[in-house]
file entry.csv (CSV, C-alpha atoms)
chain,number,residue,atom,x,y,z
A,1,MET,CA,33.6,-10.7,-29.4
A,2,ALA,CA,32.3,-9.6,-26.1
A,3,GLU,CA,32.5,-5.8,-25.3
A,4,THR,CA,35.3,-4.9,-22.8
A,5,LYS,CA,34.0,-3.3,-19.7
A,6,ARG,CA,35.6,-0.1,-18.4
A,7,ASP,CA,37.4,-0.2,-15.0
A,8,TYR,CA,34.9,0.6,-12.3
A,9,TYR,CA,37.2,3.2,-10.7
A,10,GLU,CA,37.6,4.9,-14.1
A,11,VAL,CA,33.8,4.9,-14.5
A,12,LEU,CA,33.3,6.8,-11.3
A,13,GLY,CA,36.3,9.0,-11.8
A,14,VAL,CA,37.9,8.1,-8.4
A,15,GLY,CA,41.2,6.6,-7.3
A,16,ARG,CA,41.6,3.0,-6.1
A,17,ASP,CA,42.0,4.3,-2.5
A,18,ALA,CA,38.7,6.2,-2.6
A,19,ASP,CA,36.7,5.9,0.7
A,20,ASP,CA,32.9,5.4,0.9
A,21,ALA,CA,32.2,9.1,1.0
A,22,ALA,CA,34.2,9.8,-2.2
A,23,LEU,CA,32.5,6.9,-3.9
A,24,LYS,CA,29.1,8.1,-3.0
A,25,LYS,CA,29.8,11.7,-4.0
A,26,ALA,CA,31.1,10.6,-7.4
A,27,TYR,CA,28.2,8.4,-8.0
A,28,ARG,CA,25.6,11.0,-6.9
A,29,ALA,CA,27.0,13.4,-9.5
A,30,LEU,CA,26.9,10.8,-12.3
A,31,ALA,CA,23.5,9.5,-11.4
A,32,LYS,CA,21.9,12.9,-11.3
A,33,LYS,CA,23.4,13.8,-14.7
A,34,TYR,CA,22.5,10.6,-16.5
A,35,HIS,CA,19.3,9.3,-14.9
A,36,PRO,CA,16.8,8.2,-17.5
A,37,ASP,CA,14.1,10.4,-16.0
A,38,ALA,CA,16.3,13.4,-16.5
A,39,ASN,CA,17.2,12.3,-20.0
A,40,PRO,CA,14.0,10.8,-21.6
A,41,GLY,CA,14.7,9.0,-24.8
A,42,ASP,CA,18.5,9.3,-24.5
A,43,GLN,CA,19.9,5.8,-24.8
A,44,ALA,CA,23.5,7.0,-24.3
A,45,ALA,CA,22.6,8.6,-21.0
A,46,ALA,CA,20.7,5.5,-19.9
A,47,ASP,CA,23.8,3.3,-20.7
A,48,LYS,CA,26.1,5.7,-18.7
A,49,PHE,CA,23.7,5.6,-15.8
A,50,LYS,CA,23.6,1.8,-15.8
A,51,GLU,CA,27.4,1.7,-16.0
A,52,ALA,CA,27.9,4.1,-13.1
A,53,SER,CA,25.3,2.3,-11.0
A,54,GLU,CA,26.9,-1.1,-11.6
A,55,ALA,CA,30.3,0.4,-10.7
A,56,TYR,CA,29.0,1.9,-7.5
A,57,ALA,CA,27.0,-1.2,-6.5
A,58,VAL,CA,30.3,-3.2,-6.6
A,59,LEU,CA,32.7,-0.7,-5.1
A,60,SER,CA,30.3,0.3,-2.3
A,61,ASP,CA,30.1,-3.3,-1.1
A,62,PRO,CA,33.3,-4.2,0.9
A,63,GLU,CA,33.2,-7.9,-0.1
A,64,LYS,CA,32.5,-7.3,-3.8
A,65,ARG,CA,35.1,-4.5,-3.9
A,66,ARG,CA,37.7,-6.9,-2.4
A,67,GLN,CA,36.9,-9.5,-5.1
A,68,TYR,CA,37.0,-6.9,-7.8
A,69,ASP,CA,40.3,-5.5,-6.7
A,70,GLN,CA,41.8,-9.0,-6.8
A,71,PHE,CA,40.2,-10.5,-9.9
A,72,GLY,CA,38.7,-7.5,-11.8
A,73,HIS,CA,35.5,-8.1,-13.8
A,74,ALA,CA,36.2,-11.8,-13.9
A,75,ALA,CA,35.1,-12.0,-10.3
A,76,PHE,CA,31.5,-11.7,-11.4
A,77,GLU,CA,31.5,-13.7,-14.6
A,78,GLN,CA,30.2,-17.2,-14.8
A,79,GLY,CA,32.8,-19.6,-13.3
A,80,GLY,CA,34.7,-16.8,-11.7
A,81,PRO,CA,35.6,-16.6,-8.0
A,82,GLY,CA,32.5,-14.6,-7.3
A,83,GLY,CA,30.4,-17.3,-8.8
A,84,GLY,CA,27.3,-17.1,-10.9
A,85,GLY,CA,27.8,-13.5,-12.2
A,86,PHE,CA,26.7,-10.2,-10.5
A,87,ASP,CA,23.1,-9.8,-9.3
A,88,PHE,CA,22.4,-6.0,-9.4
A,89,ASN,CA,19.1,-6.4,-7.5
A,90,SER,CA,21.1,-7.5,-4.4
A,91,ALA,CA,22.4,-3.9,-4.1
A,92,ASP,CA,20.4,-1.6,-1.8
A,93,MET,CA,20.7,2.0,-3.0
A,94,SER,CA,17.4,3.3,-1.8
A,95,ASP,CA,19.2,5.8,0.4
A,96,ILE,CA,21.1,7.5,-2.3
A,97,PHE,CA,18.3,7.4,-4.8
A,98,GLY,CA,15.9,8.7,-2.2
A,99,ASP,CA,18.2,11.7,-1.6
A,100,ILE,CA,18.8,12.4,-5.3
A,101,PHE,CA,15.6,11.6,-7.1
A,102,GLY,CA,12.8,12.4,-4.7
A,103,ASP,CA,11.9,15.4,-6.8
A,104,LEU,CA,11.9,13.4,-10.0
A,105,PHE,CA,9.3,11.0,-8.7
A,106,GLY,CA,6.9,13.5,-7.2
A,107,GLY,CA,7.2,12.7,-3.6
A,108,GLY,CA,8.4,9.8,-1.4
A,109,PHE,CA,10.7,7.5,-3.3
A,110,GLY,CA,11.4,3.8,-2.6
A,111,GLY,CA,14.1,1.9,-4.5
A,112,PHE,CA,14.5,-1.8,-4.6
A,113,GLY,CA,11.7,-2.5,-2.1
A,114,GLY,CA,12.7,0.3,0.3
A,115,SER,CA,10.5,3.3,1.1
A,116,ARG,CA,11.4,6.8,2.3
A,117,GLY,CA,9.5,10.0,3.0
A,118,ARG,CA,7.1,11.5,5.5
A,119,ARG,CA,3.6,10.1,5.6
A,120,ALA,CA,1.2,12.2,3.7
A,121,ASN,CA,-1.3,12.4,6.6
A,122,ALA,CA,1.4,13.1,9.3
A,123,PRO,CA,0.7,16.0,11.6
A,124,MET,CA,1.8,19.3,10.1
A,125,LYS,CA,2.3,22.7,11.9
A,126,GLY,CA,0.0,25.4,10.6
A,127,ALA,CA,1.2,28.4,8.5
A,128,ASN,CA,2.4,31.5,10.2
A,129,LEU,CA,0.4,34.7,10.0
A,130,ARG,CA,1.8,38.2,9.7
A,131,THR,CA,0.5,41.6,10.8
A,132,SER,CA,1.9,44.9,12.0
A,133,VAL,CA,1.4,47.4,14.9
A,134,ARG,CA,2.4,51.0,15.1
A,135,ILE,CA,3.9,52.4,18.3
A,136,SER,CA,5.4,55.7,19.5
A,137,PHE,CA,9.1,56.5,19.9
A,138,GLU,CA,8.8,56.4,23.7
A,139,GLU,CA,6.8,53.1,23.6
A,140,ALA,CA,9.6,51.5,21.6
A,141,VAL,CA,12.1,52.8,24.2
A,142,PHE,CA,10.3,51.6,27.3
A,143,GLY,CA,8.1,48.8,26.0
A,144,CYS,CA,4.3,48.7,26.2
A,145,GLU,CA,1.2,46.5,25.9
A,146,LYS,CA,-0.9,46.7,22.7
A,147,GLU,CA,-4.1,45.1,21.5
A,148,ILE,CA,-4.6,44.2,17.9
A,149,GLU,CA,-7.7,42.8,16.2
A,150,MET,CA,-7.5,40.4,13.3
A,151,ASN,CA,-9.3,37.4,11.6
A,152,GLN,CA,-8.3,34.0,12.7
A,153,LYS,CA,-9.5,30.5,11.9
A,154,GLU,CA,-11.2,28.7,14.9
A,155,GLU,CA,-12.5,25.2,15.1
A,156,CYS,CA,-16.1,25.0,13.9
A,157,PRO,CA,-18.3,24.5,17.0
A,158,HIS,CA,-20.8,22.4,15.0
A,159,CYS,CA,-18.5,19.7,13.5
A,160,HIS,CA,-15.7,20.2,16.1
A,161,GLY,CA,-13.1,20.5,13.3
A,162,THR,CA,-13.9,17.3,11.4
A,163,GLY,CA,-15.6,19.1,8.5
A,164,ALA,CA,-18.4,16.4,8.5
A,165,LYS,CA,-22.1,17.2,9.0
A,166,GLU,CA,-23.4,16.9,12.6
A,167,GLY,CA,-24.3,13.3,13.3
A,168,THR,CA,-21.8,11.9,10.7
A,169,THR,CA,-18.0,11.3,10.8
A,170,PRO,CA,-15.3,11.2,8.2
A,171,GLN,CA,-14.9,7.8,6.6
A,172,THR,CA,-11.6,6.0,6.1
A,173,CYS,CA,-10.5,6.5,2.5
A,174,PRO,CA,-11.0,3.2,0.6
A,175,LYS,CA,-8.2,3.9,-1.9
A,176,CYS,CA,-5.3,4.4,0.6
A,177,GLY,CA,-6.8,2.6,3.6
A,178,GLY,CA,-6.3,5.7,5.8
A,179,SER,CA,-2.6,6.0,5.2
A,180,GLY,CA,-3.0,9.1,3.0
A,181,GLN,CA,-0.7,7.9,0.4
A,182,VAL,CA,-0.6,5.4,-2.5
A,183,VAL,CA,2.3,3.4,-3.9
A,184,TYR,CA,2.9,2.9,-7.6
A,185,THR,CA,5.4,0.4,-8.8
A,186,GLN,CA,7.2,0.3,-12.1
A,187,GLN,CA,9.7,-2.0,-13.7
A,188,SER,CA,13.2,-0.5,-14.4
A,189,MET,CA,16.5,-1.8,-15.4
A,190,PHE,CA,17.4,-2.2,-11.7
A,191,GLY,CA,14.3,-4.0,-10.6
A,192,MET,CA,10.9,-2.7,-9.2
A,193,MET,CA,10.9,0.9,-8.3
A,194,ARG,CA,8.3,2.3,-5.9
A,195,ASN,CA,6.8,5.8,-6.3
A,196,VAL,CA,4.9,7.0,-3.2
A,197,GLN,CA,2.4,9.9,-3.7
A,198,PRO,CA,-0.4,11.5,-1.7
A,199,CYS,CA,-3.7,9.8,-2.2
A,200,PRO,CA,-5.6,11.6,-5.0
A,201,ASP,CA,-9.0,10.7,-3.5
A,202,CYS,CA,-8.5,12.1,0.0
A,203,GLY,CA,-5.7,14.6,-0.7
A,204,GLY,CA,-3.4,12.8,1.8
A,205,LYS,CA,-5.8,13.1,4.7
A,206,GLY,CA,-6.6,9.4,4.9
A,207,THR,CA,-10.4,10.2,5.4
A,208,ILE,CA,-13.2,11.2,3.1
A,209,ILE,CA,-16.2,13.4,4.1
A,210,LYS,CA,-19.5,12.1,2.7
A,211,GLU,CA,-21.6,14.9,4.0
A,212,ARG,CA,-19.9,18.3,4.6
A,213,CYS,CA,-20.8,20.5,7.5
A,214,PRO,CA,-23.0,23.3,6.2
A,215,HIS,CA,-21.6,25.8,8.7
A,216,CYS,CA,-17.9,25.6,7.7
A,217,TYR,CA,-18.4,24.0,4.2
A,218,GLY,CA,-16.3,21.0,5.2
A,219,THR,CA,-13.2,22.9,6.2
A,220,GLY,CA,-13.6,22.3,9.9
A,221,TYR,CA,-12.9,26.0,10.7
A,222,ASN,CA,-14.7,29.4,10.7
A,223,GLN,CA,-13.2,32.9,10.4
A,224,THR,CA,-13.6,34.9,13.6
A,225,ARG,CA,-12.5,38.4,14.6
A,226,LYS,CA,-10.3,38.1,17.6
A,227,LYS,CA,-8.4,40.6,19.9
A,228,ILE,CA,-4.9,39.6,20.8
A,229,GLN,CA,-2.7,41.2,23.5
A,230,ILE,CA,0.9,41.9,22.5
A,231,SER,CA,3.7,42.6,25.0
A,232,ILE,CA,6.2,44.8,23.2
A,233,PRO,CA,9.6,44.7,25.0
A,234,ALA,CA,11.7,47.8,25.8
A,235,GLY,CA,14.3,48.6,23.2
A,236,ILE,CA,12.5,47.2,20.2
A,237,ASP,CA,13.4,48.9,17.0
A,238,ASP,CA,11.5,49.9,13.8
A,239,GLY,CA,11.0,46.9,11.5
A,240,GLN,CA,11.7,44.2,14.1
A,241,SER,CA,9.1,41.5,14.7
A,242,ILE,CA,7.6,39.8,17.7
A,243,ARG,CA,6.6,36.1,17.5
A,244,ILE,CA,3.5,35.0,19.3
A,245,ARG,CA,3.4,31.2,19.3
A,246,GLY,CA,0.2,29.3,18.6
A,247,LYS,CA,-1.7,32.3,17.1
A,248,GLY,CA,-1.2,31.4,13.4
A,249,GLU,CA,-3.1,29.1,11.1
A,250,PRO,CA,-4.4,25.7,12.5
A,251,GLY,CA,-2.3,22.7,11.8
A,252,GLU,CA,-3.2,19.8,9.6
A,253,ASN,CA,-3.9,16.2,10.8
A,254,GLY,CA,-3.7,17.2,14.4
A,255,GLY,CA,-0.6,19.4,14.0
A,256,GLU,CA,0.0,22.4,16.2
A,257,ARG,CA,-1.0,25.9,15.2
A,258,GLY,CA,1.5,28.2,13.4
A,259,ASP,CA,2.7,31.5,14.9
A,260,LEU,CA,1.8,35.1,14.6
A,261,LEU,CA,4.6,37.4,13.5
A,262,VAL,CA,3.9,41.1,14.4
A,263,GLU,CA,6.1,43.7,12.7
A,264,VAL,CA,6.7,46.8,14.8
A,265,VAL,CA,6.5,50.2,13.1
A,266,VAL,CA,7.9,53.0,15.2
A,267,SER,CA,6.7,56.5,14.6
A,268,SER,CA,9.2,59.3,14.1
A,269,HIS,CA,9.8,61.8,17.0
A,270,PRO,CA,9.9,65.6,16.5
A,271,THR,CA,13.0,66.0,18.6
A,272,PHE,CA,14.8,62.6,18.9
A,273,ALA,CA,16.5,60.4,16.4
A,274,ARG,CA,17.7,56.8,17.1
A,275,GLN,CA,20.6,54.7,16.0
A,276,ASP,CA,20.8,51.2,17.6
A,277,THR,CA,20.6,52.0,21.3
A,278,ASP,CA,21.7,55.6,21.1
A,279,ILE,CA,19.5,58.7,20.9
A,280,TYR,CA,20.5,61.9,19.2
A,281,SER,CA,19.1,65.5,19.5
A,282,THR,CA,20.0,69.1,18.9
A,283,VAL,CA,19.7,71.9,21.4
A,284,PRO,CA,20.2,75.6,20.5
A,285,ILE,CA,22.0,77.9,23.0
A,286,SER,CA,22.6,81.6,22.8
A,287,PHE,CA,25.9,83.3,22.0
A,288,VAL,CA,26.1,84.6,25.6
A,289,GLN,CA,25.5,81.1,27.0
A,290,ALA,CA,28.2,79.7,24.7
A,291,ALA,CA,30.7,82.4,25.5
A,292,LEU,CA,30.1,82.7,29.3
A,293,GLY,CA,28.7,79.3,30.1
A,294,ASP,CA,25.4,78.5,31.7
A,295,THR,CA,23.3,75.8,33.2
A,296,ILE,CA,20.6,74.6,30.7
A,297,ARG,CA,17.9,72.0,30.8
A,298,ILE,CA,17.9,69.3,28.1
A,299,GLN,CA,14.9,67.1,27.3
A,300,THR,CA,15.5,63.3,27.3
A,301,VAL,CA,13.2,60.3,27.2
A,302,ASP,CA,13.5,60.3,31.0
A,303,GLY,CA,12.5,63.9,31.3
A,304,GLN,CA,14.5,67.1,31.6
A,305,VAL,CA,18.1,67.0,33.0
A,306,GLU,CA,20.4,69.8,33.9
A,307,TYR,CA,23.7,70.4,32.1
A,308,THR,CA,26.4,72.9,32.6
A,309,VAL,CA,27.6,74.6,29.4
A,310,LYS,CA,31.3,75.4,29.6
A,311,PRO,CA,32.5,78.9,28.8
A,312,GLY,CA,33.7,79.2,25.2
A,313,THR,CA,31.6,76.3,23.9
A,314,GLN,CA,31.7,76.3,20.1
A,315,THR,CA,28.7,75.6,17.9
A,316,GLU,CA,28.2,72.0,16.8
A,317,THR,CA,29.8,70.8,20.1
A,318,ARG,CA,28.5,67.3,20.9
A,319,ILE,CA,28.0,66.1,24.5
A,320,ARG,CA,27.1,62.7,25.9
A,321,LEU,CA,24.5,62.0,28.5
A,322,LYS,CA,25.5,58.5,29.6
A,323,GLY,CA,22.8,55.9,30.1
A,324,LYS,CA,20.0,58.1,28.8
A,325,GLY,CA,19.5,56.1,25.6
A,326,VAL,CA,17.5,53.0,24.6
A,327,PRO,CA,17.6,49.9,26.8
A,328,TYR,CA,19.3,46.8,25.2
A,329,LEU,CA,16.6,44.5,23.9
A,330,ARG,CA,18.1,41.5,25.6
A,331,ASN,CA,19.1,43.3,28.8
A,332,LYS,CA,16.8,46.1,29.9
A,333,ASN,CA,19.2,47.0,32.7
A,334,MET,CA,21.8,48.2,30.1
A,335,ARG,CA,21.1,51.4,28.1
A,336,GLY,CA,22.7,53.3,25.3
A,337,ASP,CA,23.6,57.0,25.5
A,338,HIS,CA,22.0,60.3,24.5
A,339,TYR,CA,24.2,62.5,22.3
A,340,VAL,CA,23.3,66.2,22.2
A,341,THR,CA,24.6,68.6,19.6
A,342,LEU,CA,24.8,72.2,21.0
A,343,THR,CA,24.3,74.8,18.2
A,344,VAL,CA,24.9,78.5,18.8
A,345,SER,CA,21.7,80.4,17.8
A,346,VAL,CA,22.3,83.6,15.8
A,347,PRO,CA,19.4,86.1,16.0
A,348,THR,CA,17.8,87.1,12.7
A,349,HIS,CA,15.9,90.2,13.9
A,350,MET,CA,17.4,92.8,16.3
A,351,ASN,CA,16.3,96.2,17.4
A,352,ALA,CA,18.5,99.3,17.4
A,353,GLU,CA,19.7,98.9,21.0
A,354,GLN,CA,20.7,95.3,20.4
A,355,LYS,CA,22.6,96.2,17.3
A,356,GLU,CA,24.4,99.0,19.1
A,357,ALA,CA,25.4,96.5,21.9
A,358,LEU,CA,26.8,94.1,19.4
A,359,ARG,CA,28.8,96.8,17.7
A,360,ALA,CA,30.2,97.9,21.0
A,361,PHE,CA,31.1,94.2,21.7
A,362,ASP,CA,32.8,94.0,18.3
A,363,ASP,CA,34.9,97.1,19.0
A,364,ALA,CA,35.9,95.7,22.4
A,365,MET,CA,37.1,92.5,20.6
A,366,ASN,CA,39.1,94.6,18.2
A,367,GLY,CA,37.1,93.2,15.3
A,368,ARG,CA,38.0,89.6,15.9
A,369,PRO,CA,35.5,86.9,17.3
A,370,THR,CA,38.2,85.2,19.4
A,371,GLY,CA,39.9,88.4,20.8
A,372,GLY,CA,43.5,89.4,20.5
A,373,GLU,CA,45.1,92.1,18.4
A,374,SER,CA,43.5,93.6,15.4
A,375,GLY,CA,44.6,92.2,12.1
A,376,GLY,CA,44.0,95.5,10.4
A,377,LYS,CA,41.1,97.8,9.8
A,378,GLY,CA,40.2,96.2,6.5
A,379,LYS,CA,40.3,92.7,7.9
A,380,LYS,CA,37.7,93.2,10.6
A,381,LYS,CA,35.2,90.3,10.8
A,382,LYS,CA,32.0,91.1,12.7
A,383,PHE,CA,30.4,88.5,14.9
A,384,PHE,CA,26.9,88.7,13.3
A,385,ASP,CA,28.5,87.5,10.0
A,386,PHE,CA,29.7,84.3,11.8

call {"tool": "encode", "arguments": {"input": "entry.csv", "output": "structure tokens"}}
result
Amino acid sequence: MAETKRDYYEVLGVGRDADDAALKKAYRALAKKYHPDANPGDQAAADKFKEASEAYAVLSDPEKRRQYDQFGHAAFEQGGPGGGGFDFNSADMSDIFGDIFGDLFGGGFGGFGGSRGRRANAPMKGANLRTSVRISFEEAVFGCEKEIEMNQKEECPHCHGTGAKEGTTPQTCPKCGGSGQVVYTQQSMFGMMRNVQPCPDCGGKGTIIKERCPHCYGTGYNQTRKKIQISIPAGIDDGQSIRIRGKGEPGENGGERGDLLVEVVVSSHPTFARQDTDIYSTVPISFVQAALGDTIRIQTVDGQVEYTVKPGTQTETRIRLKGKGVPYLRNKNMRGDHYVTLTVSVPTHMNAEQKEALRAFDDAMNGRPTGGESGGKGKKKKFFDF
């Protein structure tokens, strides 16, 4: 008695109204789980894979799906409406297999006569290089020009980048015919499978060097010490990087050079601290300046500016100098602010005359720093204990 086949919709775990996207998603999950290459020697997994593949091949074809919905499995049996049975090799699933199993086959994958994947000897951009440069706090604020020196690969002047000895040229690889890749075919339950890999003889280049250049040892490049100018924009912050295009490693097979990424290291400042585009500093003032007010000079990255301290200013008062901060990196016409914390400086060493003056002041204040009536002899609080 012939084995009864499961319903194709049941096999994929979808409803009968499932659209193409739902069918493909369901099949991808099953195919990845049960593919024989992922389950070597597991016959049960191979059977499930074959069952899921057959179901998807029918339901993903509009005409076959219509026949299946009307007649069921009988549509593909001998003498059925579909006639002559179901030919699995007529289904083209190279797209879905190429997406799922490219990693299983070690490179480009072609299913059922199809072929996918980038050519092994296609132009490739070179690798990026990384370095760093140290600048001062002010250079980060206003921008600057810097020169760095580093090793770079340059085309060998003797072989002009070919890697072949002078007077010779690279030869077309006889194994891959210059394509840089070879195709292996294998028989599977679904027909012939094509496995595309880089050519092992030429390494995917498509050419072979018979006699190597003695100056670059066949690499086509020499290491040279080069000086590179770097324009550092105003407003850059510590740890940010600048990309200099075309200053990285040479590309392969005629590809463009990679880029140079320069990380900026900003030195600390003895007076200023930075947060985003704002600058912070602390300025000490005397008790007299805080109590009576005064005009002081405050150091900023733009130079000294005058500021009028209001009478009665308390210690730890923060003031804002608008527009005296760091320029915005993407708009140098806009700047952050400079925040200054005013701290009242208390003298640590005084002579007898200065001490007597402070005692007289304390008596005039009735023993309280803020003035007003005395709170009692025993409750006096002297200013220099502040």

call {"tool": "closest_residue", "arguments": {"input": "entry.csv", "among": "A:His73, A:Lys64, A:His338, A:Arg130", "to": "Glu263 (chain A)", "atoms": "only C-alpha atoms"}}
result
A:Arg130

call {"tool": "residues_around", "arguments": {"input": "entry.csv", "residues": "Glu138 (chain A)", "least_positions_apart": "3", "cutoff": "10 Å", "atoms": "all atoms listed in the file", "output": "list in words"}}
result
Ile135, Val141, Phe142, Gly143, Cys144, Ala234, Gly235, Val266, Ser267, His269, Phe272, Val301, Asp302 and Val326 of chain A

call {"tool": "atom_distance", "arguments": {"input": "entry.csv", "atom1": "CA of Ser136 (chain A)", "atom2": "CA of Ile285 (chain A)"}}
result
27.9 Å

call {"tool": "residues_near_point", "arguments": {"input": "entry.csv", "point": "(19.4, 46.8, 24.7)", "cutoff": "9 Å", "atoms": "only C-alpha atoms", "output": "PyMOL selection string"}}
result
chain A and resi 234-236+276-277+326-336

call {"tool": "closest_residue", "arguments": {"input": "entry.csv", "among": "A:Ile208, A:Asp69, A:Glu155, A:Leu261", "to": "Gly220 (chain A)", "atoms": "only C-alpha atoms"}}
result
A:Glu155

call {"tool": "residues_near_point", "arguments": {"input": "entry.csv", "point": "(32.3, 81.7, 24.4)", "cutoff": "9 Å", "atoms": "all atoms listed in the file", "output": "PyMOL selection string"}}
result
chain A and resi 287-293+310-314+370

call {"tool": "atom_distance", "arguments": {"input": "entry.csv", "atom1": "CA of Ile232 (chain A)", "atom2": "CA of Asp278 (chain A)"}}
result
19.0 Å

call {"tool": "closest_atom_pairs", "arguments": {"input": "entry.csv", "of": "region 232-302 of chain A", "to": "region 147-154 of chain A", "cutoff": "8 Å", "atoms": "all atoms listed in the file", "output": "Markdown table"}}
result
| residue | atom | partner | partner_atom | distance |
| --- | --- | --- | --- | --- |
| A:Gly248 | CA | A:Gln152 | CA | 7.6 |
| A:Glu249 | CA | A:Lys153 | CA | 6.6 |
| A:Pro250 | CA | A:Lys153 | CA | 7.0 |

call {"tool": "decode", "arguments": {"input": "entry.csv", "residues": "region 302-317 of chain A", "atoms": "N, CA and C atoms", "output": "PDB file, in the first residue's frame"}}
result
ATOM      1  N   ASP A 302      38.929  82.645  24.064  1.00  0.00           N
ATOM      2  CA  ASP A 302      39.070  83.805  23.185  1.00  0.00           C
ATOM      3  C   ASP A 302      39.930  84.905  23.803  1.00  0.00           C
ATOM      4  N   GLY A 303      40.461  84.660  24.994  1.00  0.00           N
ATOM      5  CA  GLY A 303      41.200  85.694  25.713  1.00  0.00           C
ATOM      6  C   GLY A 303      40.425  86.143  26.941  1.00  0.00           C
ATOM      7  N   GLN A 304      40.901  87.189  27.593  1.00  0.00           N
ATOM      8  CA  GLN A 304      40.259  87.675  28.807  1.00  0.00           C
ATOM      9  C   GLN A 304      39.043  88.542  28.487  1.00  0.00           C
ATOM     10  N   VAL A 305      37.997  88.380  29.313  1.00  0.00           N
ATOM     11  CA  VAL A 305      36.798  89.207  29.185  1.00  0.00           C
ATOM     12  C   VAL A 305      36.483  89.801  30.558  1.00  0.00           C
ATOM     13  N   GLU A 306      35.861  90.970  30.571  1.00  0.00           N
ATOM     14  CA  GLU A 306      35.494  91.613  31.829  1.00  0.00           C
ATOM     15  C   GLU A 306      34.106  91.163  32.274  1.00  0.00           C
ATOM     16  N   TYR A 307      33.971  91.001  33.602  1.00  0.00           N
ATOM     17  CA  TYR A 307      32.678  90.628  34.163  1.00  0.00           C
ATOM     18  C   TYR A 307      32.474  91.379  35.469  1.00  0.00           C
ATOM     19  N   THR A 308      31.258  91.876  35.655  1.00  0.00           N
ATOM     20  CA  THR A 308      30.936  92.629  36.866  1.00  0.00           C
ATOM     21  C   THR A 308      30.296  91.708  37.887  1.00  0.00           C
ATOM     22  N   VAL A 309      31.010  91.523  39.003  1.00  0.00           N
ATOM     23  CA  VAL A 309      30.494  90.708  40.103  1.00  0.00           C
ATOM     24  C   VAL A 309      29.488  91.537  40.892  1.00  0.00           C
ATOM     25  N   LYS A 310      28.318  90.981  41.109  1.00  0.00           N
ATOM     26  CA  LYS A 310      27.271  91.692  41.839  1.00  0.00           C
ATOM     27  C   LYS A 310      27.567  91.677  43.341  1.00  0.00           C
ATOM     28  N   PRO A 311      27.234  92.767  44.058  1.00  0.00           N
ATOM     29  CA  PRO A 311      27.406  92.775  45.514  1.00  0.00           C
ATOM     30  C   PRO A 311      26.591  91.638  46.146  1.00  0.00           C
ATOM     31  N   GLY A 312      27.188  90.983  47.144  1.00  0.00           N
ATOM     32  CA  GLY A 312      26.506  89.900  47.835  1.00  0.00           C
ATOM     33  C   GLY A 312      26.576  88.572  47.112  1.00  0.00           C
ATOM     34  N   THR A 313      27.471  88.425  46.157  1.00  0.00           N
ATOM     35  CA  THR A 313      27.612  87.156  45.437  1.00  0.00           C
ATOM     36  C   THR A 313      28.085  86.055  46.379  1.00  0.00           C
ATOM     37  N   GLN A 314      27.407  84.926  46.343  1.00  0.00           N
ATOM     38  CA  GLN A 314      27.749  83.814  47.215  1.00  0.00           C
ATOM     39  C   GLN A 314      28.742  82.874  46.533  1.00  0.00           C
ATOM     40  N   THR A 315      29.486  82.176  47.376  1.00  0.00           N
ATOM     41  CA  THR A 315      30.442  81.216  46.818  1.00  0.00           C
ATOM     42  C   THR A 315      29.700  80.116  46.055  1.00  0.00           C
ATOM     43  N   GLU A 316      30.330  79.554  45.023  1.00  0.00           N
ATOM     44  CA  GLU A 316      29.778  78.527  44.133  1.00  0.00           C
ATOM     45  C   GLU A 316      28.698  79.086  43.204  1.00  0.00           C
ATOM     46  N   THR A 317      28.638  80.408  43.075  1.00  0.00           N
ATOM     47  CA  THR A 317      27.715  81.004  42.104  1.00  0.00           C
ATOM     48  C   THR A 317      28.220  80.719  40.693  1.00  0.00           C
TER      49      THR A 317
END
